[in-house]
>>> print(open('entry_22.cif').read())   # mmCIF, C-alpha atoms and all ligand atoms
data_query
loop_
_atom_site.label_atom_id
_atom_site.label_comp_id
_atom_site.auth_asym_id
_atom_site.auth_seq_id
_atom_site.Cartn_x
_atom_site.Cartn_y
_atom_site.Cartn_z
CA MET A 1 17.53 57.08 4.82
CA GLY A 2 17.09 53.78 3.01
CA ARG A 3 15.51 50.75 4.55
CA PRO A 4 18.21 48.97 6.57
CA HIS A 5 18.38 45.24 6.10
CA PRO A 6 19.36 42.90 8.95
CA TRP A 7 21.91 40.98 6.94
CA LEU A 8 23.16 43.55 4.50
CA PHE A 9 25.34 45.22 7.08
CA ASP A 10 27.63 42.24 7.43
CA TYR A 11 28.43 41.86 3.75
CA ILE A 12 32.02 40.92 4.50
CA ALA A 13 31.38 39.52 7.94
CA ALA A 14 32.14 35.93 8.77
CA PRO A 15 29.30 33.46 9.36
CA ARG A 16 28.53 33.98 13.04
CA ARG A 17 24.78 33.64 12.65
CA ALA A 18 24.23 31.53 9.60
CA ASN A 19 22.52 28.15 9.65
CA ILE A 20 25.18 25.46 9.90
CA VAL A 21 25.49 22.48 7.55
CA THR A 22 28.12 19.85 8.41
CA GLU A 23 30.38 18.48 5.66
CA ARG A 24 32.68 15.52 6.33
CA THR A 25 36.41 15.77 5.68
CA GLU A 26 38.95 13.01 6.06
CA THR A 27 42.55 14.07 5.70
CA ALA A 28 45.08 14.96 8.40
CA LEU A 29 46.52 18.42 7.83
CA SER A 30 49.76 20.17 8.71
CA THR A 31 48.86 23.72 9.73
CA VAL A 32 52.41 25.13 9.81
CA VAL A 33 54.17 25.46 6.45
CA ASP A 34 57.11 27.34 4.96
CA THR A 35 56.17 30.53 3.15
CA ARG A 36 57.35 31.54 -0.32
CA TYR A 37 58.30 35.20 0.06
CA TRP A 38 61.00 36.14 2.54
CA HIS A 39 64.75 36.70 2.70
CA SER A 40 67.47 36.84 5.30
CA VAL A 41 68.57 40.30 6.43
CA GLY A 42 71.50 39.19 8.59
CA ALA A 43 72.07 39.35 12.33
CA GLY A 44 69.83 36.30 12.68
CA ARG A 45 66.77 38.05 11.26
CA VAL A 46 64.50 37.28 8.31
CA GLN A 47 62.16 39.63 6.45
CA CYS A 48 58.70 38.62 5.28
CA ASP A 49 58.17 39.84 1.71
CA ALA A 50 54.45 39.14 1.40
CA CYS A 51 53.31 42.71 2.01
CA PRO A 52 54.80 46.22 2.21
CA ARG A 53 55.08 46.06 5.99
CA ALA A 54 58.23 44.02 5.45
CA CYS A 55 58.28 42.65 9.01
CA ARG A 56 61.84 41.86 10.15
CA LEU A 57 61.77 39.03 12.62
CA HIS A 58 64.02 37.12 14.97
CA ASP A 59 63.32 33.43 15.50
CA GLY A 60 60.18 33.07 17.59
CA GLN A 61 58.69 36.42 16.58
CA ARG A 62 55.43 36.84 14.65
CA GLY A 63 54.72 39.56 12.08
CA LEU A 64 52.04 42.20 12.50
CA CYS A 65 49.52 39.80 10.96
CA PHE A 66 50.47 37.26 13.63
CA VAL A 67 49.93 34.24 11.37
CA ARG A 68 53.36 34.54 9.71
CA GLY A 69 56.47 34.33 11.84
CA ALA A 70 60.14 33.41 12.00
CA GLU A 71 61.18 29.88 12.92
CA SER A 72 64.45 28.07 12.33
CA GLY A 73 65.77 30.90 10.18
CA ARG A 74 62.81 31.10 7.79
CA VAL A 75 59.32 32.60 7.63
CA ARG A 76 56.49 30.18 8.26
CA LEU A 77 52.69 30.35 8.03
CA TYR A 78 50.85 29.11 11.13
CA SER A 79 47.27 29.00 9.84
CA TYR A 80 47.52 26.74 6.77
CA GLY A 81 44.27 24.85 6.31
CA ARG A 82 42.60 26.46 9.32
CA SER A 83 39.52 28.61 9.09
CA SER A 84 37.30 30.78 11.21
CA GLY A 85 34.36 29.33 9.33
CA PHE A 86 32.90 28.49 5.94
CA CYS A 87 29.71 29.92 4.50
CA VAL A 88 27.74 29.67 1.28
CA ASP A 89 26.92 33.21 0.13
CA PRO A 90 25.45 34.87 -2.93
CA ILE A 91 28.34 36.21 -5.05
CA GLU A 92 26.77 39.67 -4.81
CA LYS A 93 27.72 39.68 -1.13
CA LYS A 94 31.49 39.87 -1.86
CA PRO A 95 30.42 42.31 -3.54
CA LEU A 96 30.72 41.21 -7.17
CA ASN A 97 27.82 42.24 -9.42
CA HIS A 98 29.36 41.34 -12.79
CA PHE A 99 30.90 37.94 -12.04
CA LEU A 100 28.48 35.03 -12.46
CA PRO A 101 25.54 37.01 -10.99
CA GLY A 102 23.18 34.97 -8.85
CA SER A 103 25.69 32.17 -8.27
CA ALA A 104 26.67 30.69 -4.91
CA VAL A 105 30.18 31.11 -3.51
CA LEU A 106 31.82 29.18 -0.68
CA SER A 107 33.43 31.84 1.51
CA PHE A 108 36.08 31.38 4.13
CA GLY A 109 38.79 33.23 6.01
CA THR A 110 41.44 32.42 8.56
CA ALA A 111 42.87 34.77 11.20
CA GLY A 112 45.14 37.78 11.22
CA CYS A 113 45.47 40.72 8.85
CA ASN A 114 48.24 42.90 7.47
CA LEU A 115 46.21 46.08 7.89
CA ALA A 116 44.94 47.61 11.12
CA CYS A 117 41.68 49.25 10.03
CA LYS A 118 39.94 50.93 12.95
CA PHE A 119 36.56 50.16 11.37
CA CYS A 120 37.16 46.44 10.79
CA GLN A 121 33.93 44.42 10.71
CA ASN A 122 35.74 41.16 11.45
CA TRP A 123 38.12 42.40 14.12
CA ASP A 124 37.60 39.36 16.32
CA MET A 125 39.25 37.28 13.58
CA SER A 126 41.52 39.74 11.82
CA LYS A 127 43.01 40.90 15.11
CA SER A 128 42.96 37.51 16.75
CA ARG A 129 46.10 36.35 18.50
CA GLU A 130 44.46 33.04 19.38
CA MET A 131 44.56 30.15 16.95
CA ASP A 132 41.58 28.62 18.75
CA THR A 133 39.33 31.08 16.86
CA LEU A 134 40.13 28.83 13.89
CA ALA A 135 37.62 26.16 14.74
CA ASP A 136 37.40 24.57 11.31
CA SER A 137 39.92 22.99 9.00
CA ALA A 138 40.13 21.49 5.53
CA THR A 139 42.77 20.49 3.03
CA PRO A 140 42.61 22.29 -0.33
CA ALA A 141 41.20 19.15 -1.98
CA GLU A 142 38.49 18.80 0.67
CA LEU A 143 37.52 22.43 0.35
CA ALA A 144 37.31 22.21 -3.44
CA ALA A 145 35.20 19.06 -3.21
CA ALA A 146 32.90 20.67 -0.66
CA ALA A 147 32.39 23.69 -2.90
CA GLN A 148 31.44 21.44 -5.79
CA ARG A 149 29.07 19.33 -3.65
CA LEU A 150 27.41 22.47 -2.32
CA GLY A 151 26.77 23.79 -5.83
CA CYS A 152 29.15 26.74 -5.54
CA ALA A 153 30.56 28.19 -8.75
CA SER A 154 33.48 29.69 -6.85
CA ILE A 155 35.41 29.86 -3.59
CA ALA A 156 36.03 33.26 -1.98
CA TYR A 157 39.10 34.11 0.12
CA THR A 158 37.55 36.72 2.37
CA TYR A 159 36.73 37.80 5.99
CA ASN A 160 40.44 38.48 6.59
CA ASP A 161 42.97 39.41 3.92
CA PRO A 162 44.21 36.42 1.88
CA THR A 163 47.63 38.10 1.58
CA VAL A 164 48.47 36.67 4.99
CA PHE A 165 47.42 33.11 4.05
CA LEU A 166 48.59 33.27 0.45
CA GLU A 167 50.08 29.76 0.34
CA TYR A 168 46.83 28.15 1.49
CA ALA A 169 44.71 30.31 -0.85
CA VAL A 170 46.85 29.39 -3.86
CA ASP A 171 46.70 25.67 -3.06
CA VAL A 172 42.91 25.85 -2.62
CA ALA A 173 42.55 27.75 -5.92
CA GLN A 174 44.57 25.09 -7.76
CA ALA A 175 42.48 22.28 -6.27
CA ALA A 176 39.30 24.20 -7.10
CA HIS A 177 40.30 24.74 -10.72
CA GLU A 178 40.80 20.98 -11.11
CA ARG A 179 37.06 20.66 -10.34
CA GLY A 180 35.96 23.61 -12.47
CA VAL A 181 35.33 25.78 -9.40
CA ARG A 182 36.61 29.35 -9.72
CA SER A 183 38.35 31.56 -7.18
CA VAL A 184 37.45 35.01 -5.89
CA ALA A 185 39.79 37.27 -3.90
CA VAL A 186 38.38 39.82 -1.48
CA THR A 187 41.41 41.83 -0.49
CA ALA A 188 42.81 45.21 0.43
CA GLY A 189 45.46 44.69 -2.24
CA TYR A 190 48.28 45.65 0.14
CA MET A 191 50.87 43.30 -1.37
CA LEU A 192 54.35 43.33 -2.84
CA PRO A 193 54.84 42.64 -6.57
CA ALA A 194 56.09 39.02 -6.49
CA PRO A 195 53.40 37.57 -4.18
CA ARG A 196 50.84 39.74 -5.96
CA ALA A 197 51.68 38.18 -9.32
CA ASP A 198 51.67 34.69 -7.80
CA PHE A 199 48.38 35.15 -5.98
CA PHE A 200 46.40 36.75 -8.80
CA SER A 201 47.64 34.22 -11.35
CA HIS A 202 45.36 31.75 -9.55
CA MET A 203 42.31 34.04 -9.18
CA ASP A 204 39.37 34.45 -11.53
CA ALA A 205 37.80 37.52 -9.95
CA ALA A 206 38.66 40.05 -7.28
CA ASN A 207 37.01 42.73 -5.28
CA ILE A 208 39.75 45.05 -4.07
CA ASP A 209 39.10 47.63 -1.38
CA LEU A 210 40.15 51.17 -2.19
CA LYS A 211 39.59 52.36 1.35
CA SER A 212 40.01 56.04 0.55
CA PHE A 213 41.95 58.23 -1.84
CA SER A 214 44.11 59.73 0.89
CA GLU A 215 47.53 58.63 2.11
CA ARG A 216 46.66 60.18 5.46
CA PHE A 217 43.52 58.04 5.81
CA TYR A 218 45.48 54.90 4.96
CA ARG A 219 48.19 55.80 7.43
CA GLU A 220 46.01 56.97 10.34
CA ILE A 221 42.91 54.77 9.97
CA CYS A 222 44.33 51.63 8.34
CA GLY A 223 47.99 51.60 9.37
CA ALA A 224 48.93 51.14 5.71
CA GLU A 225 49.72 53.09 2.53
CA LEU A 226 47.63 54.03 -0.50
CA GLN A 227 50.25 53.75 -3.23
CA PRO A 228 50.80 49.95 -3.10
CA VAL A 229 47.02 49.48 -3.29
CA LEU A 230 46.80 51.66 -6.41
CA GLU A 231 49.64 49.62 -7.91
CA THR A 232 47.74 46.38 -7.20
CA LEU A 233 44.58 47.77 -8.80
CA GLU A 234 46.45 48.80 -11.94
CA TYR A 235 48.33 45.50 -12.01
CA VAL A 236 45.19 43.38 -11.78
CA HIS A 237 43.40 45.47 -14.37
CA SER A 238 46.26 45.73 -16.88
CA GLU A 239 48.37 42.61 -16.40
CA THR A 240 45.89 39.84 -15.62
CA SER A 241 42.62 38.39 -16.88
CA VAL A 242 41.09 38.57 -13.39
CA TRP A 243 37.64 40.19 -13.37
CA LEU A 244 38.01 43.26 -11.14
CA GLU A 245 35.53 45.23 -9.05
CA VAL A 246 36.41 47.92 -6.50
CA THR A 247 34.82 48.78 -3.16
CA THR A 248 35.06 51.96 -1.10
CA LEU A 249 33.42 51.97 2.33
CA LEU A 250 32.34 55.56 2.95
CA ILE A 251 32.81 56.68 6.57
CA PRO A 252 31.10 59.92 7.59
CA GLY A 253 33.61 62.73 8.04
CA LEU A 254 36.65 60.59 7.23
CA ASN A 255 36.61 59.75 3.50
CA ASP A 256 33.21 60.87 2.16
CA SER A 257 33.84 64.45 0.99
CA ASP A 258 32.77 65.26 -2.56
CA ALA A 259 36.35 66.28 -3.37
CA GLU A 260 37.85 62.97 -2.25
CA VAL A 261 35.14 60.89 -3.90
CA ALA A 262 35.60 62.85 -7.14
CA ALA A 263 39.37 62.34 -7.04
CA LEU A 264 38.89 58.60 -6.47
CA CYS A 265 36.38 58.32 -9.32
CA ALA A 266 38.62 60.30 -11.67
CA TRP A 267 41.51 57.94 -10.89
CA VAL A 268 39.36 54.82 -11.45
CA ALA A 269 38.06 56.20 -14.76
CA ASP A 270 41.53 57.19 -15.93
CA ARG A 271 43.57 54.19 -14.75
CA LEU A 272 41.06 51.33 -14.70
CA GLY A 273 38.56 52.53 -17.29
CA PRO A 274 34.78 52.95 -17.31
CA ASP A 275 33.89 49.24 -17.18
CA VAL A 276 35.34 48.39 -13.76
CA PRO A 277 32.40 48.38 -11.33
CA LEU A 278 32.77 50.62 -8.29
CA HIS A 279 30.82 49.94 -5.08
CA PHE A 280 30.23 52.65 -2.48
CA THR A 281 29.18 50.83 0.67
CA ALA A 282 27.80 51.94 4.02
CA PHE A 283 29.87 51.99 7.17
CA HIS A 284 28.36 50.90 10.47
CA PRO A 285 30.02 51.55 13.83
CA ASP A 286 32.44 48.76 14.81
CA TRP A 287 35.80 47.99 16.42
CA LYS A 288 37.55 51.31 17.21
CA LEU A 289 35.15 53.57 15.32
CA ARG A 290 32.01 53.05 17.38
CA ASP A 291 31.49 56.81 17.87
CA VAL A 292 31.07 57.52 14.14
CA PRO A 293 27.48 57.32 12.83
CA PRO A 294 26.41 54.96 10.02
CA THR A 295 26.68 56.26 6.47
CA PRO A 296 23.43 57.91 5.30
CA LEU A 297 21.95 56.56 2.08
CA ALA A 298 22.09 60.10 0.69
CA THR A 299 25.91 60.01 0.95
CA LEU A 300 26.10 56.76 -1.00
CA ARG A 301 23.75 58.07 -3.67
CA ARG A 302 25.75 61.27 -3.97
CA ALA A 303 28.96 59.30 -4.41
CA ARG A 304 27.30 57.10 -7.01
CA ARG A 305 26.21 60.18 -8.93
CA ILE A 306 29.78 61.55 -8.83
CA GLY A 307 31.07 58.26 -10.23
CA LEU A 308 28.51 58.25 -13.05
CA ASP A 309 29.34 61.89 -13.83
CA HIS A 310 32.99 60.84 -14.20
CA GLY A 311 32.01 58.40 -16.93
CA LEU A 312 32.01 55.20 -14.88
CA ARG A 313 29.39 52.84 -16.30
CA TYR A 314 28.68 50.64 -13.29
CA VAL A 315 28.53 52.39 -9.91
CA TYR A 316 26.70 50.78 -7.00
CA THR A 317 25.55 51.54 -3.50
CA GLY A 318 25.94 48.72 -1.00
CA ASN A 319 25.20 47.65 2.58
CA VAL A 320 21.79 49.30 2.26
CA VAL A 321 18.68 48.35 0.34
CA ASP A 322 18.62 50.69 -2.64
CA ARG A 323 17.00 49.16 -5.70
CA GLU A 324 18.38 51.77 -8.10
CA GLY A 325 21.89 51.81 -6.67
CA GLY A 326 22.00 48.01 -6.38
CA SER A 327 20.82 47.26 -9.92
CA THR A 328 22.85 47.11 -13.14
CA TRP A 329 21.94 49.61 -15.84
CA CYS A 330 22.78 49.57 -19.54
CA SER A 331 25.52 51.98 -20.58
CA GLY A 332 23.92 52.23 -24.03
CA CYS A 333 20.20 52.87 -23.55
CA GLY A 334 19.99 53.34 -19.77
CA GLY A 335 17.58 50.45 -19.34
CA GLN A 336 17.75 48.05 -16.43
CA LEU A 337 19.91 44.99 -17.14
CA ILE A 338 19.83 43.23 -13.77
CA GLY A 339 17.26 44.33 -11.21
CA ARG A 340 18.22 43.65 -7.60
CA ASP A 341 16.55 43.97 -4.23
CA GLY A 342 19.44 43.50 -1.83
CA TYR A 343 21.11 40.29 -3.02
CA ASP A 344 17.96 39.00 -4.70
CA ILE A 345 17.92 39.19 -8.49
CA GLU A 346 14.44 40.31 -9.51
CA SER A 347 14.84 40.81 -13.25
CA TRP A 348 17.30 39.83 -15.98
CA ASN A 349 17.45 41.67 -19.30
CA LEU A 350 20.67 40.35 -20.83
CA ASP A 351 20.74 37.95 -23.76
CA GLY A 352 22.98 34.88 -23.96
CA ALA A 353 25.91 37.03 -25.14
CA ALA A 354 25.58 39.41 -22.16
CA ARG A 355 24.05 42.13 -24.37
CA CYS A 356 21.18 44.43 -23.47
CA ARG A 357 17.98 42.90 -24.84
CA ARG A 358 16.83 46.35 -25.96
CA CYS A 359 19.87 47.99 -27.60
CA ARG A 360 22.42 45.10 -27.82
CA THR A 361 25.12 47.01 -25.91
CA VAL A 362 27.42 44.52 -24.22
CA CYS A 363 27.51 44.52 -20.41
CA ALA A 364 31.06 44.15 -19.08
CA GLY A 365 31.65 41.14 -16.85
CA VAL A 366 31.79 37.36 -16.67
CA PHE A 367 28.40 35.80 -17.33
CA ASP A 368 27.22 32.24 -17.65
CA GLY A 369 23.66 32.63 -18.83
CA ALA A 370 20.71 33.87 -16.83
CA PRO A 371 20.64 32.73 -13.20
CA GLY A 372 17.47 31.73 -11.46
CA LEU A 373 15.82 34.74 -9.87
CA ARG A 374 16.55 35.43 -6.20
CA ALA A 375 19.89 34.82 -4.54
CA PRO A 376 21.04 31.55 -2.97
CA GLY A 377 20.38 31.63 0.77
CA ARG A 378 23.23 32.09 3.20
CA ARG A 379 24.38 28.88 4.91
CA GLY A 380 27.21 28.25 7.28
CA VAL A 381 29.15 25.07 6.54
CA ARG A 382 31.07 23.06 9.11
CA LEU A 383 33.86 21.02 7.51
CA ALA A 384 34.13 18.46 10.28
CA SER A 385 37.36 16.48 10.12
CA ALA A 386 37.96 12.81 10.71
CA ARG A 387 40.11 13.81 13.70
CA GLU A 388 37.23 15.73 15.23
CA ARG A 389 34.83 12.88 14.66
CA ALA A 390 37.24 10.45 16.26
CA GLY A 391 37.31 12.79 19.24
CA GLY A 392 33.53 12.94 19.34
CA ALA A 393 33.25 16.49 17.99
S1 LIG B 1 52.30 39.42 5.65
FE1 LIG B 1 52.37 39.64 7.90
S2 LIG B 1 54.47 39.05 8.51
FE2 LIG B 1 54.47 39.42 6.28
S3 LIG B 1 55.14 41.56 6.07
FE3 LIG B 1 52.89 41.58 6.05
S4 LIG B 1 52.26 41.86 8.20
FE4 LIG B 1 54.44 41.31 8.21
#
>>> encode(input="entry_22.cif", output="structure tokens", more="lines below")
Ligand code: SF4
Amino acid sequence: MGRPHPWLFDYIAAPRRANIVTERTETALSTVVDTRYWHSVGAGRVQCDACPRACRLHDGQRGLCFVRGAESGRVRLYSYGRSSGFCVDPIEKKPLNHFLPGSAVLSFGTAGCNLACKFCQNWDMSKSREMDTLADSATPAELAAAAQRLGCASIAYTYNDPTVFLEYAVDVAQAAHERGVRSVAVTAGYMLPAPRADFFSHMDAANIDLKSFSERFYREICGAELQPVLETLEYVHSETSVWLEVTTLLIPGLNDSDAEVAALCAWVADRLGPDVPLHFTAFHPDWKLRDVPPTPLATLRRARRIGLDHGLRYVYTGNVVDREGGSTWCSGCGGQLIGRDGYDIESWNLDGAARCRRCRTVCAGVFDGAPGLRAPGRRGVRLASARERAGGA
């Protein structure tokens, strides 16, 4: 068993324990907005077209995600500009190992989710029915400015699935691009084609969960379907310039058999190609799966080996400290390109053109020169509004 690390286990978790830095914001914000993807289905009902759940709603009803609902004959978003918290993270925490390694990313999420994963690590937010869990707020312009001030190369839409707050995420991404700050989606990819194309046209990188390679797992454990996720993965890889990495959380006894891992790796190699990084990460008991044990390091290493044997060039272990499985290795000579200990970068053996310094094989990814060694520390950020300050908050 590898050495557990106190903060590796919450790689997607929201900033409950981080040190808090307060940033000032000034602008009043409407938190209820019209959504872009819905249509009327008659008999006084409207259908949300953001995700394959296709919730059909009467006025006053909310969808499964709870943050989108029907009002005055249209579908509205009730969490625009609201957040469960902001945090400065290392980009490796998303996890993205080939997108601006060593850079800082301003992470945030809202509330609600369009999946119902029994192992959710952020269930208090993703399953929240209370808007008062959204203690923070910021306009897109304020958020983009804060990211720039805090030295973040990108903003991540994470903690809960950005599909449910698409309109806010897109507006933030546009404001961020105006300041040269990039956007990172951390998503389950459970979306319909039109919002998918809209959303990813504003993203620069994405880590998409491929939660298993079984329709049954998706149906019984996540309350969703596999096929739309595969379509999103292929779409992002083939139809966009978004840098893509894939994560599979391995849960003992549920999705970690050699046969399923091999089928998943074969699909990634065939449909996405050998250069898309694949992360096998460790489960820890949470939400409705508290009786399942944590994933042994040996399981993650076995899965990594299966991926490499299928021709994938960049396969990682995550949520555990595993120097070999967390580092980036050259697909040409096998030498170490980026040495990592957890999220700390310990060595860097790429030249300015992202080639191996030994054999000149190019490493796939988005690079901006060598980062400083070690990762940026994790900091929570409070975007205090003028309204709060006026109220003495
Ligand atoms: S985004 Fe929410 S309201 Fe819309 S279809 Fe999906 S779960 Fe239903």
>>> closest_residue(input="entry_22.cif", among="A:Ala50, A:Ala147, A:Val229, A:Ala354", to="Phe165 (chain A)", atoms="all atoms listed in the file")
A:Ala50
>>> closest_atom_pairs(input="entry_22.cif", of="region 150-219 of chain A", to="region 279-302 of chain A", cutoff="10 Å", atoms="all atoms listed in the file", output="CSV")
residue,atom,partner,partner_atom,distance
A:Asn207,CA,A:His279,CA,9.5
A:Asp209,CA,A:His279,CA,9.4
A:Leu210,CA,A:His279,CA,9.8
>>> residues_around(input="entry_22.cif", residues="region 170-176 of chain A", least_positions_apart="3", cutoff="7 Å", atoms="all atoms listed in the file", output="list in words")
Pro140, Ala141, Ala144, Leu166, Glu167, Arg179, Gly180, Val181, Arg182, Ser183, Phe199 and His202 of chain A
>>> atom_distance(input="entry_22.cif", atom1="CA of Pro274 (chain A)", atom2="CA of Lys93 (chain A)")
22.1 Å
>>> residues_around(input="entry_22.cif", residues="Gly44 (chain A)", least_positions_apart="6", cutoff="8 Å", atoms="only C-alpha atoms", output="list in words")
His58, Asp59 and Gly73 of chain A
>>> write_last_selection(input="entry_22.cif", atoms="C-alpha atoms", output="JSON list (two decimals), in the frame of the given file")
[["chain", "number", "residue", "atom", "x", "y", "z"],
["A", 58, "HIS", "CA", 64.02, 37.12, 14.97],
["A", 59, "ASP", "CA", 63.32, 33.43, 15.50],
["A", 73, "GLY", "CA", 65.77, 30.90, 10.18]]
>>> residues_near_ligand(input="entry_22.cif", ligand="ligand LIG 1 (chain B)", cutoff="7 Å", atoms="all atoms listed in the file", output="ChimeraX atom specification")
/A:48-55,62-69,113-114,163-164
>>> atom_distance(input="entry_22.cif", atom1="CA of Gly109 (chain A)", atom2="CA of Asp198 (chain A)")
18.9 Å
>>> residues_around(input="entry_22.cif", residues="Val32 (chain A)", least_positions_apart="2", cutoff="10 Å", atoms="only C-alpha atoms", output="list in words")
Leu29, Ser30, Asp34, Thr35, Val67, Arg68, Arg76, Leu77, Tyr78, Ser79, Tyr80, Gly81 and Arg82 of chain A
>>> closest_residue(input="entry_22.cif", among="A:Leu106, A:Ala353, A:Thr158, A:Ser84", to="Ser137 (chain A)", atoms="all atoms listed in the file")
A:Ser84
